[in-house]
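Colleague: Here you go, one structure.
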Amino acid sequence: MINFLAMSIFIYLGEAAFVVLVLGLLVFNVFSAVEKERRAFWRSLYVILGLLFLNAVLLLLPVKIKNIIFGTFFLLFFMFLIVLLFSPKPKSSIEIKGKQRKKDERDIIFSRFDLKQGSHRYHEYYKRKKEFKNIDERIRKNPDILTSYHMARDRISFSLADSEFDFLEYLLNRTKADIYSEKMDMGKQVNSQLVKNVLKYLGADISGICELDQSYVYSHVGRGPDPYGSTVECSHRYAVVFAIKMDFDIISQSPRPPVIIETAHKYVKAAQISIIAANFIRKLGHPARAHFAGSDYKAIVPPLAHKAGLGEIGRLGILITEDYGPRVRLGLITTDMPLAIDNPKVFGVQNFCQTCKKCALNCPSKAIPLGDKREENGSDRWIIKREACYEFWRKCGTDCAKCIYVCPYSKPNNFMHKIIRIANSKSTGFQKLFVKGDDFFYGRIPKEKKSLDWTKK
């Protein structure tokens with residue numbers, strides 16, 4: 001009797017491993033149904049049914065054979081978990097290798113395409129920056145975003161997006177105001193919590209604070225209401241950076257028209273939050289300035305967001321946050337109000353992006369590199385072909401966002417995906433497993449979701 005029980009223990013252990021595996025897949029299956037991820041739902045269901053069928057067949061075998069098979073399965077399952085749990089923790093972080101130079105806003109692609117062909121400013125710029133002229137002229141052969149060509153393709157969607165951007169233009173001159181003479185200062189820690197609480201109340205999903213690194217302040221004005229080519233003056237000590245999550249269902253329609261509607265919508269929200277919050281800080285007696293798209297940025301926001309602890313810069317060239325991945329739009333306030341700074345976060349993005357490459361494989365313009373990082377302006381990073389990316393934007397009429405949609409970190413911030421993200425931050429072995437699992441359940445080349453219809457209830 002004792003000998004029989006001793007032999008049967010392997011069956012119980014193997015059966016327990018089967019149950020754990022099936023329950024985990026069942027939870028995934030339920031969440032996939034809620035998220036309307038059809039491929040993930042059906043594939044996980046087929047795997048569950050396959051495991052149950054295999055388990056039923058194995059239970060019909062003689063006890064000795066069952067002991068061997070279930071014992072082997074348990075040992076493999078146990079060893080697999082040990083390997084995952086004790087594989088190295090992702091430690092790679094963004095590397096600053098040398099002195100970083102200020103960037104001239106006139107050189108960014110949006111500023112270049114704001115130049116009116118044939119104008120004095122146009123000729124002066126390309127005389128000074130000959131390296132951009134040929135490629136920019138080629139891109140200009142494509143119709144600009146939100147022009148009549150694209151409007152004819154989807155009048156409703158592009159008209160809504162254009163209306164949102166019109167409102168952003170209306171807000172451009174509302175970044176500055178008088179400072180109240182009576183200063184209120186409750187100390188760095190309390191001031192910081194106050195500002196973060198106000199941002200959350202106004203609609204920011206996450207926020208952080210860092211010192212304003214002057215390397216990320218533009219050298220000269222390239223866009224916005226200030227005189228073109230004038231020296232940028234932004235000497236505030238602190239940068240308050242916040243992020244607003246974008247709707248996953250809309251981003252999943254990339255690169256179709258709804259994407260640019262969501263982009264503009266969240267830029268408007270970020271502008272409203274930054275204007276109100278900056279004015280609030282000024283009313284407490286401290287200098288503050290709002291920075292937002294449209295464009296009235298005086299600094300480059302993604303690296304400041306990294307320094308403020310909001311996330312890491314990934315392979316796709318933009319910020320990846322812990323809870324929403326790259327599916328966010330950023331806002332910025334600079335101020336001299338005494339604030340406590342946050343530390344940059346490292347949660348495995350650099351290691352994960354090295355393995356994943358999903359954004360690069362899905363990029364319609366092949367602008368995202370499949371290879372390793374390279375040094376650019378003092379930092380080690382994946383270098384995006386910005387002109388190729390923007391050229392595709394003009395062809396499709398939207399800001400694409402395919403890389404944002406397919407990034408595994410972009411998935412809804414629910415219980416299941418939170419657990420996966422935590423495991424991702426703890427184990428390089430789990431990262432490799434997750435990449436394979438994401439490809440299997442969601443597809444290496446995920447399908448676009450059904451487009452919005454604004455005329456239906």
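Letters A, B, ... go to the chains of the structure tokens in the order shown; residues in each chain start at 1; ligands are counted from 1 in the same order.
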Tell me, as a list in words, which residues lie within 12 Å of A:Glu35, counting only C-alpha atoms; anything in the same chain fewer than 2 positions away does not count.

Modeller: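 Here the answer would be Phe28, Asn29, Val30, Phe31, Ser32, Ala33, Glu37, Arg38, Arg39, Ala40, Phe41, Phe248, Asp249, Ser252, Lys411, Pro412, Asn413, Asn414, Met416, His417, Tyr442 and Lys449 of chain A.
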
Colleague: Taking 6 positions as the minimum chain separation for residues in the same chain, which residues sit within 12 Å of A:Lys358 when counting only C-alpha atoms? Answer as a list in words.

Modeller: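 In the requested format, the answer is Gly314, Arg315, Leu316, Phe352, Pro364, Lys366, Ile368, Pro369, Leu370, Lys402, Cys403, Ile404, Tyr405, Val406, Cys407, Pro408, Tyr409, Val435, Lys436, Asp438, Asp439, Tyr442, Gly443, Arg444, Ile445 and Pro446 of chain A.
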
Colleague: Using only C-alpha atoms, which residues sit within 7 Å of stretch 204-215 of chain A once same-chain residues fewer than 2 positions away are excluded, as a JSON list (two decimals) with all heavy atoms, in the first residue's frame?

Modeller:
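Dumped everything to around_4.json:
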```
[["chain", "number", "residue", "atom", "x", "y", "z"],
["A", 100, "GLN", "N", 26.23, 65.50, -24.56],
["A", 100, "GLN", "CA", 25.06, 65.66, -25.43],
["A", 100, "GLN", "C", 24.90, 67.12, -25.81],
["A", 100, "GLN", "O", 24.92, 68.01, -24.96],
["A", 100, "GLN", "CB", 23.81, 65.13, -24.72],
["A", 100, "GLN", "CG", 23.88, 63.62, -24.48],
["A", 100, "GLN", "CD", 22.62, 63.09, -23.84],
["A", 100, "GLN", "OE1", 22.34, 63.37, -22.68],
["A", 100, "GLN", "NE2", 21.84, 62.34, -24.59],
["A", 101, "ARG", "N", 24.74, 67.35, -27.09],
["A", 101, "ARG", "CA", 24.61, 68.72, -27.61],
["A", 101, "ARG", "C", 23.14, 69.10, -27.73],
["A", 101, "ARG", "O", 22.28, 68.26, -27.98],
["A", 101, "ARG", "CB", 25.27, 68.83, -28.99],
["A", 101, "ARG", "CG", 26.74, 68.43, -29.00],
["A", 101, "ARG", "CD", 27.30, 68.44, -30.41],
["A", 101, "ARG", "NE", 26.55, 67.58, -31.31],
["A", 101, "ARG", "CZ", 26.72, 66.26, -31.39],
["A", 101, "ARG", "NH1", 27.61, 65.66, -30.61],
["A", 101, "ARG", "NH2", 26.01, 65.54, -32.23],
["A", 102, "LYS", "N", 22.86, 70.38, -27.55],
["A", 102, "LYS", "CA", 21.50, 70.88, -27.75],
["A", 102, "LYS", "C", 21.08, 70.64, -29.20],
["A", 102, "LYS", "O", 21.89, 70.73, -30.12],
["A", 102, "LYS", "CB", 21.44, 72.38, -27.47],
["A", 102, "LYS", "CG", 21.39, 72.76, -25.99],
["A", 102, "LYS", "CD", 21.42, 74.28, -25.88],
["A", 102, "LYS", "CE", 21.24, 74.75, -24.44],
["A", 102, "LYS", "NZ", 19.83, 74.74, -24.03],
["A", 196, "LYS", "N", 1.78, 66.52, -8.35],
["A", 196, "LYS", "CA", 1.38, 65.23, -8.93],
["A", 196, "LYS", "C", -0.10, 64.95, -8.70],
["A", 196, "LYS", "O", -0.78, 64.42, -9.59],
["A", 196, "LYS", "CB", 2.23, 64.10, -8.33],
["A", 196, "LYS", "CG", 3.68, 64.10, -8.80],
["A", 196, "LYS", "CD", 4.47, 62.99, -8.16],
["A", 196, "LYS", "CE", 5.92, 62.99, -8.62],
["A", 196, "LYS", "NZ", 6.72, 61.92, -7.99],
["A", 199, "LEU", "N", -2.06, 67.08, -11.15],
["A", 199, "LEU", "CA", -1.98, 66.51, -12.50],
["A", 199, "LEU", "C", -2.89, 65.30, -12.65],
["A", 199, "LEU", "O", -3.57, 65.15, -13.67],
["A", 199, "LEU", "CB", -0.53, 66.12, -12.82],
["A", 199, "LEU", "CG", 0.45, 67.27, -13.05],
["A", 199, "LEU", "CD1", 1.87, 66.74, -13.16],
["A", 199, "LEU", "CD2", 0.08, 68.05, -14.31],
["A", 200, "LYS", "N", -2.91, 64.45, -11.62],
["A", 200, "LYS", "CA", -3.79, 63.27, -11.67],
["A", 200, "LYS", "C", -5.25, 63.70, -11.72],
["A", 200, "LYS", "O", -6.05, 63.14, -12.48],
["A", 200, "LYS", "CB", -3.53, 62.39, -10.45],
["A", 200, "LYS", "CG", -4.33, 61.09, -10.47],
["A", 200, "LYS", "CD", -3.96, 60.21, -9.28],
["A", 200, "LYS", "CE", -4.75, 58.91, -9.32],
["A", 200, "LYS", "NZ", -4.42, 58.02, -8.16],
["A", 202, "LEU", "N", -6.43, 66.43, -12.91],
["A", 202, "LEU", "CA", -6.70, 67.05, -14.21],
["A", 202, "LEU", "C", -6.77, 66.03, -15.35],
["A", 202, "LEU", "O", -7.25, 66.36, -16.43],
["A", 202, "LEU", "CB", -5.64, 68.10, -14.51],
["A", 202, "LEU", "CG", -5.67, 69.36, -13.63],
["A", 202, "LEU", "CD1", -4.46, 70.25, -13.94],
["A", 202, "LEU", "CD2", -6.96, 70.14, -13.80],
["A", 217, "VAL", "N", 17.02, 70.98, -23.91],
["A", 217, "VAL", "CA", 16.34, 72.23, -24.28],
["A", 217, "VAL", "C", 16.80, 72.61, -25.67],
["A", 217, "VAL", "O", 18.00, 72.58, -25.97],
["A", 217, "VAL", "CB", 16.65, 73.36, -23.27],
["A", 217, "VAL", "CG1", 16.05, 74.68, -23.74],
["A", 217, "VAL", "CG2", 16.13, 73.00, -21.89],
["A", 236, "HIS", "N", 14.49, 77.20, -16.38],
["A", 236, "HIS", "CA", 13.88, 76.65, -15.16],
["A", 236, "HIS", "C", 14.71, 75.48, -14.63],
["A", 236, "HIS", "O", 15.39, 74.78, -15.39],
["A", 236, "HIS", "CB", 12.46, 76.17, -15.44],
["A", 236, "HIS", "CG", 11.52, 77.29, -15.75],
["A", 236, "HIS", "ND1", 10.53, 77.18, -16.70],
["A", 236, "HIS", "CD2", 11.41, 78.54, -15.25],
["A", 236, "HIS", "CE1", 9.85, 78.30, -16.76],
["A", 236, "HIS", "NE2", 10.37, 79.16, -15.89],
["A", 237, "ARG", "N", 14.59, 75.24, -13.35],
["A", 237, "ARG", "CA", 15.40, 74.18, -12.73],
["A", 237, "ARG", "C", 14.79, 72.79, -12.89],
["A", 237, "ARG", "O", 15.50, 71.80, -13.03],
["A", 237, "ARG", "CB", 15.60, 74.48, -11.24],
["A", 237, "ARG", "CG", 16.49, 73.45, -10.58],
["A", 237, "ARG", "CD", 16.84, 73.81, -9.16],
["A", 237, "ARG", "NE", 17.69, 72.77, -8.57],
["A", 237, "ARG", "CZ", 18.10, 72.75, -7.31],
["A", 237, "ARG", "NH1", 17.76, 73.76, -6.49],
["A", 237, "ARG", "NH2", 18.85, 71.76, -6.84],
["A", 238, "TYR", "N", 13.45, 72.72, -12.88],
["A", 238, "TYR", "CA", 12.79, 71.41, -12.85],
["A", 238, "TYR", "C", 11.90, 71.18, -14.08],
["A", 238, "TYR", "O", 11.35, 72.13, -14.64],
["A", 238, "TYR", "CB", 11.94, 71.26, -11.59],
["A", 238, "TYR", "CG", 12.73, 71.36, -10.31],
["A", 238, "TYR", "CD1", 12.72, 72.53, -9.56],
["A", 238, "TYR", "CD2", 13.49, 70.28, -9.85],
["A", 238, "TYR", "CE1", 13.44, 72.63, -8.37],
["A", 238, "TYR", "CE2", 14.22, 70.37, -8.68],
["A", 238, "TYR", "CZ", 14.20, 71.55, -7.94],
["A", 238, "TYR", "OH", 14.92, 71.65, -6.78],
["A", 239, "ALA", "N", 11.78, 69.91, -14.43],
["A", 239, "ALA", "CA", 10.84, 69.49, -15.47],
["A", 239, "ALA", "C", 9.82, 68.54, -14.84],
["A", 239, "ALA", "O", 10.20, 67.54, -14.22],
["A", 239, "ALA", "CB", 11.58, 68.77, -16.61],
["A", 240, "VAL", "N", 8.56, 68.88, -14.97],
["A", 240, "VAL", "CA", 7.47, 68.01, -14.51],
["A", 240, "VAL", "C", 6.87, 67.38, -15.77],
["A", 240, "VAL", "O", 6.32, 68.08, -16.62],
["A", 240, "VAL", "CB", 6.39, 68.81, -13.75],
["A", 240, "VAL", "CG1", 5.29, 67.87, -13.27],
["A", 240, "VAL", "CG2", 7.01, 69.58, -12.59],
["A", 241, "VAL", "N", 7.00, 66.07, -15.88],
["A", 241, "VAL", "CA", 6.55, 65.37, -17.08],
["A", 241, "VAL", "C", 5.38, 64.46, -16.73],
["A", 241, "VAL", "O", 5.40, 63.80, -15.69],
["A", 241, "VAL", "CB", 7.69, 64.52, -17.70],
["A", 241, "VAL", "CG1", 7.32, 64.07, -19.11],
["A", 241, "VAL", "CG2", 9.00, 65.31, -17.73],
["A", 242, "PHE", "N", 4.37, 64.43, -17.58],
["A", 242, "PHE", "CA", 3.24, 63.54, -17.34],
["A", 242, "PHE", "C", 2.85, 62.83, -18.63],
["A", 242, "PHE", "O", 3.24, 63.24, -19.73],
["A", 242, "PHE", "CB", 2.04, 64.31, -16.76],
["A", 242, "PHE", "CG", 1.48, 65.39, -17.64],
["A", 242, "PHE", "CD1", 0.47, 65.10, -18.56],
["A", 242, "PHE", "CD2", 1.95, 66.69, -17.56],
["A", 242, "PHE", "CE1", -0.05, 66.09, -19.38],
["A", 242, "PHE", "CE2", 1.43, 67.68, -18.37],
["A", 242, "PHE", "CZ", 0.42, 67.38, -19.29],
["A", 243, "ALA", "N", 2.10, 61.75, -18.48],
["A", 243, "ALA", "CA", 1.67, 60.96, -19.64],
["A", 243, "ALA", "C", 0.18, 60.68, -19.55],
["A", 243, "ALA", "O", -0.37, 60.49, -18.46],
["A", 243, "ALA", "CB", 2.44, 59.63, -19.70],
["A", 244, "ILE", "N", -0.46, 60.66, -20.71],
["A", 244, "ILE", "CA", -1.87, 60.32, -20.83],
["A", 244, "ILE", "C", -1.97, 59.10, -21.73],
["A", 244, "ILE", "O", -1.45, 59.11, -22.85],
["A", 244, "ILE", "CB", -2.67, 61.48, -21.45],
["A", 244, "ILE", "CG1", -2.48, 62.76, -20.64],
["A", 244, "ILE", "CG2", -4.14, 61.12, -21.55],
["A", 244, "ILE", "CD1", -2.98, 63.99, -21.35],
["A", 245, "LYS", "N", -2.64, 58.07, -21.26],
["A", 245, "LYS", "CA", -2.73, 56.85, -22.06],
["A", 245, "LYS", "C", -3.69, 57.06, -23.23],
["A", 245, "LYS", "O", -4.67, 57.79, -23.16],
["A", 245, "LYS", "CB", -3.19, 55.66, -21.22],
["A", 245, "LYS", "CG", -4.60, 55.70, -20.71],
["A", 245, "LYS", "CD", -4.95, 54.43, -19.96],
["A", 245, "LYS", "CE", -6.38, 54.41, -19.46],
["A", 245, "LYS", "NZ", -6.62, 55.33, -18.34],
["A", 307, "LYS", "N", 14.17, 60.47, -17.52],
["A", 307, "LYS", "CA", 14.86, 60.95, -16.32],
["A", 307, "LYS", "C", 13.89, 61.11, -15.15],
["A", 307, "LYS", "O", 14.27, 60.94, -13.99],
["A", 307, "LYS", "CB", 15.55, 62.28, -16.61],
["A", 307, "LYS", "CG", 16.81, 62.18, -17.46],
["A", 307, "LYS", "CD", 17.35, 63.55, -17.82],
["A", 307, "LYS", "CE", 17.88, 64.31, -16.63],
["A", 307, "LYS", "NZ", 19.13, 63.74, -16.07],
["A", 308, "ALA", "N", 12.63, 61.43, -15.46],
["A", 308, "ALA", "CA", 11.62, 61.64, -14.42],
["A", 308, "ALA", "C", 10.98, 60.33, -13.95],
["A", 308, "ALA", "O", 10.07, 60.35, -13.11],
["A", 308, "ALA", "CB", 10.54, 62.58, -14.93],
["A", 309, "GLY", "N", 11.43, 59.20, -14.49],
["A", 309, "GLY", "CA", 10.96, 57.90, -14.01],
["A", 309, "GLY", "C", 9.69, 57.39, -14.65],
["A", 309, "GLY", "O", 9.06, 56.46, -14.12],
["A", 310, "LEU", "N", 9.30, 57.95, -15.81],
["A", 310, "LEU", "CA", 8.06, 57.50, -16.45],
["A", 310, "LEU", "C", 8.26, 56.25, -17.30],
["A", 310, "LEU", "O", 7.30, 55.54, -17.59],
["A", 310, "LEU", "CB", 7.47, 58.62, -17.33],
["A", 310, "LEU", "CG", 6.45, 59.53, -16.66],
["A", 310, "LEU", "CD1", 7.09, 60.31, -15.52],
["A", 310, "LEU", "CD2", 5.84, 60.50, -17.67],
["A", 341, "ILE", "N", 13.02, 65.34, -6.85],
["A", 341, "ILE", "CA", 13.12, 64.66, -8.15],
["A", 341, "ILE", "C", 12.95, 63.14, -8.00],
["A", 341, "ILE", "O", 13.22, 62.56, -6.94],
["A", 341, "ILE", "CB", 14.45, 64.98, -8.86],
["A", 341, "ILE", "CG1", 15.65, 64.48, -8.04],
["A", 341, "ILE", "CG2", 14.57, 66.48, -9.12],
["A", 341, "ILE", "CD1", 16.97, 64.63, -8.77],
["A", 342, "ASP", "N", 12.48, 62.52, -9.07],
["A", 342, "ASP", "CA", 12.33, 61.07, -9.13],
["A", 342, "ASP", "C", 13.52, 60.47, -9.87],
["A", 342, "ASP", "O", 14.22, 61.15, -10.61],
["A", 342, "ASP", "CB", 11.03, 60.71, -9.86],
["A", 342, "ASP", "CG", 9.80, 61.23, -9.13],
["A", 342, "ASP", "OD1", 9.58, 60.81, -8.00],
["A", 342, "ASP", "OD2", 9.08, 62.08, -9.71]]
```

Colleague: Using atom CA of A:Ile320 and atom CA of A:Ile135 as the two end points, give the distance in Å to one decimal.

Modeller: 29.2 Å

Colleague: Could you find all residues in stretch 22-214 of chain A that DSSP calls alpha helix (DSSP H) from the backbone, and write them as a PyMOL selection string?

Modeller: chain A and resi 22-34+38-59+63-86+109-112+120-128+130-139+148-151+155-171+188-202

Colleague: With distances taken over only C-alpha atoms, which residue among A:Phe392, A:Tyr216, A:Tyr267, A:Phe78 lies nearest A:Lys298?

Modeller: A:Tyr216

Colleague: Just the strand (DSSP E) stuff from stretch 171-248 of chain A, please, per backbone DSSP, written as number ranges by chain.

Modeller: A: 206-211, 238-245

Colleague: Suppose we keep N, CA and C atoms; can you now write the selection as a PDB file, in the first residue's frame?

Modeller:
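Done, and the output landed in again34.pdb:
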```pdb
ATOM      1  N   ILE A 206       0.101  59.205 -15.350  1.00  0.00           N
ATOM      2  CA  ILE A 206       1.329  59.078 -14.569  1.00  0.00           C
ATOM      3  C   ILE A 206       2.107  60.389 -14.685  1.00  0.00           C
ATOM      4  N   SER A 207       2.952  60.661 -13.696  1.00  0.00           N
ATOM      5  CA  SER A 207       3.768  61.872 -13.751  1.00  0.00           C
ATOM      6  C   SER A 207       5.055  61.650 -12.978  1.00  0.00           C
ATOM      7  N   GLY A 208       6.044  62.474 -13.264  1.00  0.00           N
ATOM      8  CA  GLY A 208       7.329  62.387 -12.587  1.00  0.00           C
ATOM      9  C   GLY A 208       8.066  63.710 -12.704  1.00  0.00           C
ATOM     10  N   ILE A 209       9.140  63.835 -11.930  1.00  0.00           N
ATOM     11  CA  ILE A 209       9.877  65.099 -11.860  1.00  0.00           C
ATOM     12  C   ILE A 209      11.370  64.832 -11.985  1.00  0.00           C
ATOM     13  N   CYS A 210      12.045  65.672 -12.743  1.00  0.00           N
ATOM     14  CA  CYS A 210      13.498  65.595 -12.839  1.00  0.00           C
ATOM     15  C   CYS A 210      14.052  67.012 -12.952  1.00  0.00           C
ATOM     16  N   GLU A 211      15.351  67.138 -12.808  1.00  0.00           N
ATOM     17  CA  GLU A 211      15.976  68.426 -13.076  1.00  0.00           C
ATOM     18  C   GLU A 211      15.953  68.654 -14.585  1.00  0.00           C
ATOM     19  N   TYR A 238      13.448  72.722 -12.880  1.00  0.00           N
ATOM     20  CA  TYR A 238      12.793  71.406 -12.849  1.00  0.00           C
ATOM     21  C   TYR A 238      11.897  71.176 -14.079  1.00  0.00           C
ATOM     22  N   ALA A 239      11.779  69.909 -14.431  1.00  0.00           N
ATOM     23  CA  ALA A 239      10.837  69.485 -15.474  1.00  0.00           C
ATOM     24  C   ALA A 239       9.824  68.540 -14.839  1.00  0.00           C
ATOM     25  N   VAL A 240       8.559  68.880 -14.972  1.00  0.00           N
ATOM     26  CA  VAL A 240       7.466  68.012 -14.514  1.00  0.00           C
ATOM     27  C   VAL A 240       6.868  67.380 -15.766  1.00  0.00           C
ATOM     28  N   VAL A 241       6.998  66.070 -15.883  1.00  0.00           N
ATOM     29  CA  VAL A 241       6.551  65.367 -17.083  1.00  0.00           C
ATOM     30  C   VAL A 241       5.384  64.456 -16.726  1.00  0.00           C
ATOM     31  N   PHE A 242       4.372  64.434 -17.583  1.00  0.00           N
ATOM     32  CA  PHE A 242       3.235  63.542 -17.337  1.00  0.00           C
ATOM     33  C   PHE A 242       2.847  62.830 -18.633  1.00  0.00           C
ATOM     34  N   ALA A 243       2.102  61.749 -18.480  1.00  0.00           N
ATOM     35  CA  ALA A 243       1.671  60.956 -19.635  1.00  0.00           C
ATOM     36  C   ALA A 243       0.178  60.675 -19.549  1.00  0.00           C
ATOM     37  N   ILE A 244      -0.459  60.661 -20.709  1.00  0.00           N
ATOM     38  CA  ILE A 244      -1.871  60.321 -20.828  1.00  0.00           C
ATOM     39  C   ILE A 244      -1.972  59.102 -21.731  1.00  0.00           C
ATOM     40  N   LYS A 245      -2.638  58.068 -21.255  1.00  0.00           N
ATOM     41  CA  LYS A 245      -2.734  56.851 -22.061  1.00  0.00           C
ATOM     42  C   LYS A 245      -3.686  57.062 -23.234  1.00  0.00           C
TER      43      LYS A 245
END
```

Colleague: What does the structure give for the distance between atom CA of A:Glu15 and atom CA of A:Val63, in Å to one decimal?

Modeller: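 The value is 13.4 Å.
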
Colleague: For a quick check of understanding, using only C-alpha atoms, which of A:Tyr218, A:Phe158, A:Tyr12, A:Tyr201 has the smallest distance to A:Asp107?

Modeller: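 The answer is A:Tyr218, which sits nearest to A:Asp107.
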
Colleague: Can you tell me, as a list in words, what residues are no more than 10 Å from A:Val198 when counting only C-alpha atoms, ignoring any on the same chain fewer than 4 positions away?

Modeller: Ser192, Gln193, Leu194, Leu202, Gly203, Ala204, Ile273, Ile276, Ala277 and Phe280 of chain A

Colleague: A:Val22, A:Ala388, A:Val34, A:Val83: which is nearest A:Ile139, counting only C-alpha atoms?

Modeller: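 Once distances to A:Ile139 are computed over only C-alpha atoms, the minimum belongs to A:Ala388.
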
Colleague: Report as a PyMOL selection string all protein, DNA and RNA residues lying within 7 Å of A:Ala288, evaluated on only C-alpha atoms, omitting residues in the same chain fewer than 5 positions from it.

Modeller: chain A and resi 278+281-282+333-336

Colleague: When distances are computed from only C-alpha atoms, which of A:Ile250, A:Leu54, A:Leu304, A:Ala360 shows the smallest separation from A:Lys385?

Modeller: A:Ala360

Colleague: I need the residue nearest A:Val301 from this list: A:Ile313, A:Cys400, A:Ile420, A:Val232. Use only C-alpha atoms for the distance.

Modeller: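 Once distances to A:Val301 are computed over only C-alpha atoms, the minimum belongs to A:Ile313.
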
Colleague: Between atom CA of A:Ser274 and atom CA of A:Cys389, what is the distance, to one decimal in Å?

Modeller: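 Answer for the atom CA of A:Ser274 to atom CA of A:Cys389 separation: 27.9 Å.
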